[in-house]
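Below is my_file_32.txt, holding compact mmCIF, C-alpha atoms and all ligand atoms.
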# COMPACT_ATOMS: atom_id res chain seq x y z
CA MET Z 29 -150.44 162.61 161.13
CA THR Z 30 -151.55 164.84 164.01
CA LYS Z 31 -154.40 163.86 166.35
CA SER Z 32 -156.67 166.45 164.77
CA ASP Z 33 -155.86 165.19 161.23
CA ILE Z 34 -156.76 161.68 162.35
CA ALA Z 35 -160.04 162.81 163.90
CA ALA Z 36 -160.96 164.96 160.87
CA ARG Z 37 -160.20 162.25 158.30
CA TYR Z 38 -162.05 159.64 160.34
CA GLU Z 39 -165.10 161.85 160.62
CA ARG Z 40 -165.07 162.74 156.91
CA ASP Z 41 -164.24 159.32 155.39
CA GLY Z 42 -165.11 156.79 158.09
CA PHE Z 43 -161.52 155.51 158.07
CA VAL Z 44 -157.94 156.68 158.28
CA PHE Z 45 -154.64 155.03 157.31
CA PRO Z 46 -151.72 154.40 157.25
CA ILE Z 47 -150.81 155.03 160.89
CA ASP Z 48 -147.38 153.85 162.06
CA VAL Z 49 -147.57 151.73 165.23
CA LEU Z 50 -144.62 149.32 165.08
CA SER Z 51 -141.36 149.30 163.15
CA GLU Z 52 -141.07 146.55 160.52
CA SER Z 53 -138.68 144.65 162.78
CA GLU Z 54 -141.07 144.87 165.75
CA ALA Z 55 -143.86 143.54 163.50
CA ALA Z 56 -141.56 140.69 162.42
CA GLY Z 57 -140.98 139.96 166.12
CA ILE Z 58 -144.75 139.77 166.70
CA ARG Z 59 -145.11 137.41 163.74
CA LYS Z 60 -142.38 135.19 165.19
CA LYS Z 61 -144.15 135.10 168.57
CA LEU Z 62 -147.50 134.35 166.90
CA GLU Z 63 -146.08 131.55 164.79
CA GLY Z 64 -144.28 130.14 167.86
CA VAL Z 65 -147.65 130.03 169.67
CA GLU Z 66 -149.30 128.44 166.61
CA SER Z 67 -146.67 125.67 166.49
CA GLN Z 68 -147.79 124.69 170.02
CA HIS Z 69 -151.48 125.59 170.14
CA GLY Z 70 -152.68 125.55 166.52
CA ASN Z 71 -153.76 128.26 164.07
CA MET Z 72 -154.71 131.50 165.87
CA HIS Z 73 -157.03 132.82 163.14
CA TYR Z 74 -160.17 134.22 164.78
CA VAL Z 75 -159.41 132.83 168.24
CA VAL Z 76 -161.60 135.14 170.34
CA LYS Z 77 -159.83 137.78 172.45
CA PRO Z 78 -156.27 136.38 172.35
CA TYR Z 79 -155.25 138.98 174.97
CA LEU Z 80 -156.94 136.65 177.47
CA LEU Z 81 -154.25 134.08 176.61
CA LEU Z 82 -151.17 136.10 175.72
CA ASP Z 83 -149.68 139.05 177.61
CA TRP Z 84 -147.94 140.40 174.49
CA VAL Z 85 -151.32 140.82 172.75
CA HIS Z 86 -152.49 142.93 175.70
CA GLU Z 87 -149.23 144.87 175.46
CA LEU Z 88 -149.94 145.56 171.77
CA ALA Z 89 -153.55 146.58 172.50
CA THR Z 90 -152.36 149.17 175.03
CA ARG Z 91 -149.39 150.63 173.13
CA LYS Z 92 -149.38 154.41 173.13
CA ALA Z 93 -148.77 154.53 169.36
CA LEU Z 94 -151.90 152.45 168.83
CA LEU Z 95 -154.13 153.96 171.52
CA ASP Z 96 -153.35 157.66 170.90
CA PRO Z 97 -155.01 157.66 167.43
CA VAL Z 98 -158.00 155.77 168.90
CA ARG Z 99 -158.22 158.35 171.72
CA ALA Z 100 -158.17 161.10 169.06
CA VAL Z 101 -161.47 159.69 167.81
CA LEU Z 102 -163.21 158.32 170.92
CA GLY Z 103 -161.64 160.23 173.82
CA GLU Z 104 -159.61 159.09 176.83
CA ASP Z 105 -161.89 156.40 178.28
CA LEU Z 106 -161.67 153.18 176.31
CA LEU Z 107 -162.75 149.58 176.68
CA LEU Z 108 -161.29 146.86 174.50
CA TRP Z 109 -164.41 145.00 173.37
CA ASP Z 110 -163.13 142.61 170.73
CA CYS Z 111 -159.89 141.34 169.26
CA GLU Z 112 -158.83 138.63 166.82
CA PHE Z 113 -155.95 137.72 164.57
CA ILE Z 114 -157.28 137.67 161.01
CA ILE Z 115 -155.08 135.39 158.94
CA LYS Z 116 -155.54 134.60 155.26
CA GLU Z 117 -153.52 131.58 154.27
CA PRO Z 118 -152.01 131.55 150.77
CA GLY Z 119 -154.16 129.65 148.29
CA ALA Z 120 -157.24 129.64 150.54
CA GLN Z 121 -160.43 131.20 149.17
CA ARG Z 122 -161.22 133.18 152.35
CA HIS Z 123 -162.55 136.66 151.70
CA VAL Z 124 -164.96 139.20 153.18
CA GLU Z 125 -168.03 140.51 151.36
CA TRP Z 126 -169.05 144.18 151.47
CA HIS Z 127 -170.55 144.76 154.89
CA GLN Z 128 -170.79 147.06 157.92
CA ASP Z 129 -169.44 145.77 161.24
CA LEU Z 130 -172.15 147.31 163.42
CA LEU Z 131 -174.88 145.08 161.97
CA TYR Z 132 -174.43 142.18 164.40
CA PHE Z 133 -172.62 143.93 167.27
CA GLY Z 134 -175.80 144.59 169.28
CA LEU Z 135 -174.27 147.82 170.65
CA SER Z 136 -176.24 150.91 171.58
CA SER Z 137 -174.40 153.42 169.37
CA ASP Z 138 -171.50 153.86 166.96
CA ASP Z 139 -169.02 154.97 169.64
CA LEU Z 140 -166.51 152.36 168.54
CA VAL Z 141 -163.35 152.19 166.45
CA THR Z 142 -161.73 149.17 164.84
CA ALA Z 143 -157.94 149.33 164.78
CA TRP Z 144 -156.59 146.85 162.21
CA LEU Z 145 -152.86 146.31 162.53
CA ALA Z 146 -150.81 144.67 159.78
CA ILE Z 147 -148.34 142.07 161.03
CA SER Z 148 -147.29 140.91 157.53
CA PRO Z 149 -147.20 143.09 154.41
CA VAL Z 150 -150.80 143.74 153.35
CA THR Z 151 -151.36 144.32 149.64
CA LYS Z 152 -154.06 144.14 146.99
CA GLU Z 153 -152.56 140.78 145.93
CA ASN Z 154 -152.87 139.19 149.39
CA GLY Z 155 -156.35 140.51 150.11
CA CYS Z 156 -156.09 143.91 151.78
CA MET Z 157 -159.29 145.54 153.02
CA GLN Z 158 -161.13 147.99 150.80
CA PHE Z 159 -163.13 150.91 152.20
CA LEU Z 160 -165.77 153.15 150.67
CA ALA Z 161 -165.25 156.76 151.78
CA GLY Z 162 -168.23 158.47 153.43
CA SER Z 163 -170.30 155.26 153.59
CA HIS Z 164 -170.42 155.45 157.41
CA GLN Z 165 -172.73 158.44 157.23
CA GLY Z 166 -175.97 156.68 156.30
CA GLY Z 167 -176.40 154.38 159.31
CA VAL Z 168 -176.67 150.59 159.19
CA ARG Z 169 -178.14 149.32 155.91
CA GLN Z 170 -179.85 146.10 154.98
CA HIS Z 171 -177.70 142.98 154.65
CA VAL Z 172 -178.33 139.42 153.52
CA ALA Z 173 -176.81 136.48 155.40
CA THR Z 174 -175.28 134.31 152.63
CA PHE Z 175 -173.52 131.74 154.87
CA ASN Z 176 -170.88 131.53 152.14
CA GLU Z 177 -168.38 128.99 153.49
CA ASN Z 178 -165.46 130.94 152.06
CA SER Z 179 -166.44 134.06 153.96
CA ILE Z 180 -164.38 135.00 157.01
CA LEU Z 181 -167.58 136.39 158.55
CA ALA Z 182 -169.63 133.88 160.54
CA ARG Z 183 -172.87 134.49 158.62
CA GLY Z 184 -171.32 135.63 155.33
CA GLN Z 185 -173.32 138.82 155.68
CA GLN Z 186 -173.35 141.11 152.68
CA LEU Z 187 -174.86 144.50 151.92
CA VAL Z 188 -177.99 144.19 149.79
CA GLU Z 189 -177.43 147.42 147.88
CA ASP Z 190 -174.96 147.76 145.01
CA VAL Z 191 -171.63 149.06 146.24
CA PRO Z 192 -169.78 151.37 143.81
CA VAL Z 193 -166.64 149.21 143.96
CA ASP Z 194 -164.73 151.37 141.47
CA ASP Z 195 -164.67 154.09 144.14
CA ALA Z 196 -163.24 151.77 146.82
CA VAL Z 197 -159.89 152.54 148.44
CA ASP Z 198 -157.32 149.73 148.82
CA VAL Z 199 -155.93 149.65 152.36
CA ALA Z 200 -152.35 148.54 151.63
CA LEU Z 201 -150.16 148.59 154.74
CA ARG Z 202 -146.58 147.71 155.58
CA PRO Z 203 -146.04 145.44 158.58
CA GLY Z 204 -146.57 147.55 161.72
CA GLN Z 205 -149.00 150.06 160.17
CA MET Z 206 -152.69 150.20 161.02
CA SER Z 207 -155.95 151.54 159.72
CA LEU Z 208 -158.87 152.77 161.84
CA HIS Z 209 -162.43 152.32 160.65
CA HIS Z 210 -165.91 153.25 161.79
CA GLY Z 211 -168.49 150.54 162.49
CA ALA Z 212 -170.72 151.67 159.65
CA THR Z 213 -168.01 152.01 156.97
CA PHE Z 214 -168.67 149.75 153.97
CA HIS Z 215 -165.68 147.41 153.63
CA ALA Z 216 -164.63 144.12 152.07
CA SER Z 217 -161.47 142.14 151.28
CA GLY Z 218 -160.42 139.72 148.55
CA VAL Z 219 -158.64 136.35 148.60
CA ASN Z 220 -154.92 135.93 149.24
CA GLU Z 221 -153.34 135.29 145.86
CA SER Z 222 -149.76 135.56 147.12
CA ASP Z 223 -147.58 132.72 148.36
CA ASP Z 224 -147.32 134.00 151.95
CA ARG Z 225 -149.77 134.41 154.82
CA ARG Z 226 -151.60 137.73 155.22
CA ILE Z 227 -151.56 138.37 158.96
CA ALA Z 228 -153.36 141.13 160.84
CA ILE Z 229 -154.72 141.67 164.30
CA CYS Z 230 -157.81 143.76 164.87
CA PHE Z 231 -158.85 145.50 168.07
CA VAL Z 232 -162.32 146.97 168.58
CA TYR Z 233 -162.43 149.78 171.16
CA ILE Z 234 -165.63 151.28 172.55
CA LYS Z 235 -166.57 154.12 174.90
CA PRO Z 236 -167.57 152.77 178.34
CA SER Z 237 -170.91 154.59 177.98
CA MET Z 238 -171.92 152.06 175.31
CA ARG Z 239 -174.37 149.31 176.23
CA GLN Z 240 -174.96 145.84 174.86
CA VAL Z 241 -178.62 146.15 173.89
CA GLY Z 242 -178.91 143.00 171.77
CA ALA Z 243 -178.18 140.57 174.61
CA LYS Z 244 -178.24 140.41 178.38
CA TRP Z 245 -174.51 139.94 179.00
CA ASP Z 246 -171.28 141.27 177.52
CA SER Z 247 -167.70 141.79 178.70
CA ALA Z 248 -164.75 144.05 177.92
CA LEU Z 249 -161.42 145.21 179.30
CA LEU Z 250 -160.60 148.75 180.44
CA VAL Z 251 -157.47 149.89 178.54
CA SER Z 252 -157.49 153.69 178.96
CA GLY Z 253 -158.94 156.19 181.42
CA THR Z 254 -161.90 155.30 183.62
CA ASP Z 255 -165.07 153.26 183.26
CA ARG Z 256 -167.75 155.31 185.06
CA TYR Z 257 -170.60 153.11 183.86
CA GLY Z 258 -169.88 149.42 184.52
CA HIS Z 259 -172.07 148.30 181.60
CA PHE Z 260 -169.68 145.48 180.66
CA GLU Z 261 -168.34 142.72 182.90
CA SER Z 262 -164.62 143.38 183.46
CA GLU Z 263 -162.38 140.73 181.94
CA VAL Z 264 -159.40 139.10 183.68
CA LEU Z 265 -155.92 139.07 182.14
CA PRO Z 266 -153.88 135.84 182.10
CA ASP Z 267 -151.67 135.05 185.10
CA GLN Z 268 -149.31 133.34 182.63
CA ASN Z 269 -149.47 132.84 178.87
CA PHE Z 270 -151.67 129.85 178.06
CA SER Z 271 -151.90 128.80 181.71
CA SER Z 272 -154.68 126.32 182.41
CA ASP Z 273 -156.66 129.07 184.18
CA ALA Z 274 -156.24 131.42 181.22
CA ILE Z 275 -157.31 128.71 178.75
CA ALA Z 276 -160.40 127.90 180.82
CA TYR Z 277 -161.31 131.59 181.20
CA GLN Z 278 -160.87 132.39 177.49
CA LYS Z 279 -162.96 129.31 176.59
CA ALA Z 280 -165.74 130.44 178.93
CA ILE Z 281 -165.73 133.94 177.42
CA ASP Z 282 -165.73 132.43 173.91
CA GLU Z 283 -168.77 130.27 174.74
CA ARG Z 284 -170.68 133.14 176.35
CA ARG Z 285 -169.83 135.31 173.37
CA LYS Z 286 -171.17 132.74 170.90
CA ALA Z 287 -174.40 132.67 172.93
CA LEU Z 288 -174.40 136.49 172.87
CA TRP Z 289 -174.20 136.53 169.02
CA ARG Z 290 -177.08 134.06 168.80
CA GLU Z 291 -179.14 136.27 171.10
CA VAL Z 292 -178.26 139.42 169.13
CA VAL Z 293 -179.26 137.79 165.82
CA THR Z 294 -182.50 136.45 167.30
CA ASN Z 295 -183.41 139.87 168.69
CA MET Z 296 -182.65 141.75 165.49
CA SER Z 297 -185.42 143.35 163.51
CA ASP Z 298 -186.13 141.83 160.10
CA SER Z 299 -185.49 145.17 158.46
CA ALA Z 300 -181.77 144.95 159.21
CA THR Z 301 -181.05 141.54 157.71
CA THR Z 302 -182.62 138.93 155.50
CA SER Z 303 -181.51 135.36 155.02
O1 LIG T 1 -159.27 141.26 157.58
C1 LIG T 1 -160.09 141.37 156.67
O2 LIG T 1 -159.82 141.03 155.51
C2 LIG T 1 -161.45 141.95 156.91
C3 LIG T 1 -161.64 142.38 158.32
C4 LIG T 1 -162.90 143.06 158.61
O3 LIG T 1 -163.89 142.98 157.91
C5 LIG T 1 -162.96 143.87 159.83
O4 LIG T 1 -161.97 143.97 160.56
O5 LIG T 1 -164.01 144.46 160.09
Let's see the structure in the file written out as structure tokens.
Amino acid sequence: MTKSDIAARYERDGFVFPIDVLSESEAAGIRKKLEGVESQHGNMHYVVKPYLLLDWVHELATRKALLDPVRAVLGEDLLLWDCEFIIKEPGAQRHVEWHQDLLYFGLSSDDLVTAWLAISPVTKENGCMQFLAGSHQGGVRQHVATFNENSILARGQQLVEDVPVDDAVDVALRPGQMSLHHGATFHASGVNESDDRRIAICFVYIKPSMRQVGAKWDSALLVSGTDRYGHFESEVLPDQNFSSDAIAYQKAIDERRKALWREVVTNMSDSATTS
């Protein structure tokens, strides 16, 4: 896919996939590294900003094959604002209700792109994402916070309106392929009914001109071009993987980020969410 195809499809549909980033054997190498880390440090599902602990996650986040498609949408200057491994274990009931990411981000605009990279095969059976084409065009809609304990999302937020699920697109990917989606795109994912883990890593990139307007503090990492604004505190990469300094720093960012989400939710208008 050319850069202009990527930009045009993203603008029209609010998502674009599949985009090749890694070969299958490179993705298998990443899975091996991840599972090696997990055997020492525990499950990495939703550990906040793992690039603050692991140099190879930063290396992935800054790969040309991953960043070029993001640049096609957002331009040259990019901050990495969020990142997590999203792992669905076989047999677990974890799923994601229909929602829009922007709801709780507290950001000043929709100048962001989520790059979701498959590390294992991602299929309908193991709970691939589903997107609704064109749903990004109507802004952020009303959600209800369900606090469903099987939801991967912290508040189990769910769109209030009926989603025409028969029109949804299944985002099946081979290991090493990614999808890009807009912060207002309606999306969801089902449970993992296979007998293997579904492993992905997602990266959320923003334009440096963005501001955190839902809270007083936020941080990010410059990964492309220049930050002419300084709206986000610059993050520090690890001196060594899982060094004691890196662990302490990532923990501090995690705690500040949890406080940030609480502040964002408290400051939100009632029209955006009900609970
Ligand atoms: O990984 C999933 O199943 C859902 C992820 C998601 O909702 C997101 O990346 O915005």
Next item on the list: May I ask you to write as a PyMOL selection string all residues lying at most 8 Å from ligand LIG 1 (chain T), with all atoms listed in the file counted?
Entry: chain Z and resi 114-116+123-124+127-129+142-144+155-157+180-181+211+215-218+228+230
Note to self: So that I can check the surroundings of Phe260 (chain Z), please list as a count of residues only every protein, DNA and RNA residue that reaches within 10 Å of it, counting only C-alpha atoms and ignoring chain neighbours fewer than 3 positions away.
What the structure shows: 16
Item checked: CA of Gly119 (chain Z) to CA of Phe159 (chain Z), straight-line distance in Å -> 23.4 Å
Item checked: Shell of 9 Å around region 91-95 of chain Z, only C-alpha atoms, local chain residues under 6 positions omitted, as a ChimeraX atom specification -> /Z:47-50,106,143,145,206,251-252
Selected residues, C-alpha atoms, written as a compact mmCIF listing (two decimals), in the coordinates of the input, please.
# COMPACT_ATOMS: atom_id res chain seq x y z
CA ILE Z 47 -150.81 155.03 160.89
CA ASP Z 48 -147.38 153.85 162.06
CA VAL Z 49 -147.57 151.73 165.23
CA LEU Z 50 -144.62 149.32 165.08
CA LEU Z 106 -161.67 153.18 176.31
CA ALA Z 143 -157.94 149.33 164.78
CA LEU Z 145 -152.86 146.31 162.53
CA MET Z 206 -152.69 150.20 161.02
CA VAL Z 251 -157.47 149.89 178.54
CA SER Z 252 -157.49 153.69 178.96
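Across the structure, CA of Leu81 (chain Z) and CA of Asn154 (chain Z) are spaced 27.7 Å apart.
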Next item on the list: Provide the CA of Glu54 (chain Z) to CA of Glu221 (chain Z) distance in Å, to one decimal place.
Entry: 25.3 Å
Might you pull out every residue within 9 Å of Leu80 (chain Z), with all atoms listed in the file counted and same-chain residues fewer than 3 positions away left off, and present them as a PDB file with C-alpha atoms, keeping the file's coordinate frame?
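Dumped to selection.pdb:
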ATOM      1  CA  VAL Z  76    -161.600 135.140 170.340  1.00  0.00           C
ATOM      2  CA  LYS Z  77    -159.830 137.780 172.450  1.00  0.00           C
ATOM      3  CA  ASP Z  83    -149.680 139.050 177.610  1.00  0.00           C
ATOM      4  CA  VAL Z  85    -151.320 140.820 172.750  1.00  0.00           C
ATOM      5  CA  HIS Z  86    -152.490 142.930 175.700  1.00  0.00           C
ATOM      6  CA  GLU Z 263    -162.380 140.730 181.940  1.00  0.00           C
ATOM      7  CA  VAL Z 264    -159.400 139.100 183.680  1.00  0.00           C
ATOM      8  CA  LEU Z 265    -155.920 139.070 182.140  1.00  0.00           C
ATOM      9  CA  PRO Z 266    -153.880 135.840 182.100  1.00  0.00           C
ATOM     10  CA  ASN Z 269    -149.470 132.840 178.870  1.00  0.00           C
ATOM     11  CA  PHE Z 270    -151.670 129.850 178.060  1.00  0.00           C
ATOM     12  CA  ALA Z 274    -156.240 131.420 181.220  1.00  0.00           C
ATOM     13  CA  ILE Z 275    -157.310 128.710 178.750  1.00  0.00           C
ATOM     14  CA  TYR Z 277    -161.310 131.590 181.200  1.00  0.00           C
ATOM     15  CA  GLN Z 278    -160.870 132.390 177.490  1.00  0.00           C
TER      16      GLN Z 278
END
Next item on the list: Would you list the contacts of Val292 (chain Z) as a PyMOL selection string, taking every protein, DNA or RNA residue within 8 Å and counting only C-alpha atoms, but skipping same-chain residues closer than 4 positions in sequence?
Entry: chain Z and resi 132-134+242-243+288+296
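Nearest-residue note for Asp105 (chain Z): choosing from Z:Asp139, Z:Glu261, Z:Glu117, Z:Glu66, the minimum distance belongs to Z:Asp139, counting all atoms listed in the file.
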If the box runs along x, y and z of the file and leaves 8 Å on each side of region 104-117 of chain Z, what are its centre and edge lengths in Å, one decimal, as AutoDock Vina command-line options?
--center_x -159.0 --center_y 145.3 --center_z 166.3 --size_x 26.9 --size_y 43.5 --size_z 40.0
Note to self: Counting only C-alpha atoms, find residues at most 12 Å from (-162.5, 151.6, 162.0) (file frame) and give them as a ChimeraX atom specification.
What the structure shows: /Z:34-35,37-39,41-45,97-98,101-102,128-130,138-145,157-161,164,199,206-215,230-234
Supply region 163-176 of chain Z as a compact mmCIF listing (two decimals), in the coordinates of the input, with N, CA, C and O atoms built in where the input has gaps.
# COMPACT_ATOMS: atom_id res chain seq x y z
N SER Z 163 -169.17 156.22 153.49
CA SER Z 163 -170.30 155.26 153.59
C SER Z 163 -170.79 155.08 155.02
O SER Z 163 -171.85 154.51 155.25
N HIS Z 164 -170.02 155.58 156.00
CA HIS Z 164 -170.42 155.45 157.41
C HIS Z 164 -171.55 156.42 157.76
O HIS Z 164 -172.12 156.32 158.85
N GLN Z 165 -171.82 157.36 156.83
CA GLN Z 165 -172.73 158.44 157.23
C GLN Z 165 -174.21 158.08 157.14
O GLN Z 165 -175.05 158.79 157.66
N GLY Z 166 -174.54 156.98 156.51
CA GLY Z 166 -175.97 156.68 156.30
C GLY Z 166 -176.56 155.67 157.25
O GLY Z 166 -177.63 155.13 156.98
N GLY Z 167 -175.86 155.36 158.35
CA GLY Z 167 -176.40 154.38 159.31
C GLY Z 167 -176.22 152.95 158.82
O GLY Z 167 -175.59 152.71 157.78
N VAL Z 168 -176.82 152.01 159.55
CA VAL Z 168 -176.67 150.59 159.19
C VAL Z 168 -177.72 150.23 158.15
O VAL Z 168 -178.90 150.49 158.33
N ARG Z 169 -177.27 149.65 157.05
CA ARG Z 169 -178.14 149.32 155.91
C ARG Z 169 -178.53 147.84 155.95
O ARG Z 169 -177.98 147.05 156.72
N GLN Z 170 -179.39 147.48 155.02
CA GLN Z 170 -179.85 146.10 154.98
C GLN Z 170 -178.77 145.16 154.42
O GLN Z 170 -178.07 145.50 153.46
N HIS Z 171 -178.65 144.01 155.08
CA HIS Z 171 -177.70 142.98 154.65
C HIS Z 171 -178.46 141.68 154.40
O HIS Z 171 -179.54 141.47 154.93
N VAL Z 172 -177.81 140.78 153.65
CA VAL Z 172 -178.33 139.42 153.52
C VAL Z 172 -177.27 138.49 154.11
O VAL Z 172 -176.07 138.70 153.92
N ALA Z 173 -177.74 137.48 154.86
CA ALA Z 173 -176.81 136.48 155.40
C ALA Z 173 -176.65 135.38 154.36
O ALA Z 173 -177.60 134.65 154.08
N THR Z 174 -175.47 135.27 153.73
CA THR Z 174 -175.28 134.31 152.63
C THR Z 174 -174.76 132.95 153.12
O THR Z 174 -174.85 131.97 152.41
N PHE Z 175 -174.16 132.94 154.31
CA PHE Z 175 -173.52 131.74 154.87
C PHE Z 175 -172.50 131.13 153.88
O PHE Z 175 -172.28 129.92 153.89
N ASN Z 176 -171.93 131.98 153.07
CA ASN Z 176 -170.88 131.53 152.14
C ASN Z 176 -169.73 130.92 152.94
O ASN Z 176 -169.16 131.57 153.81
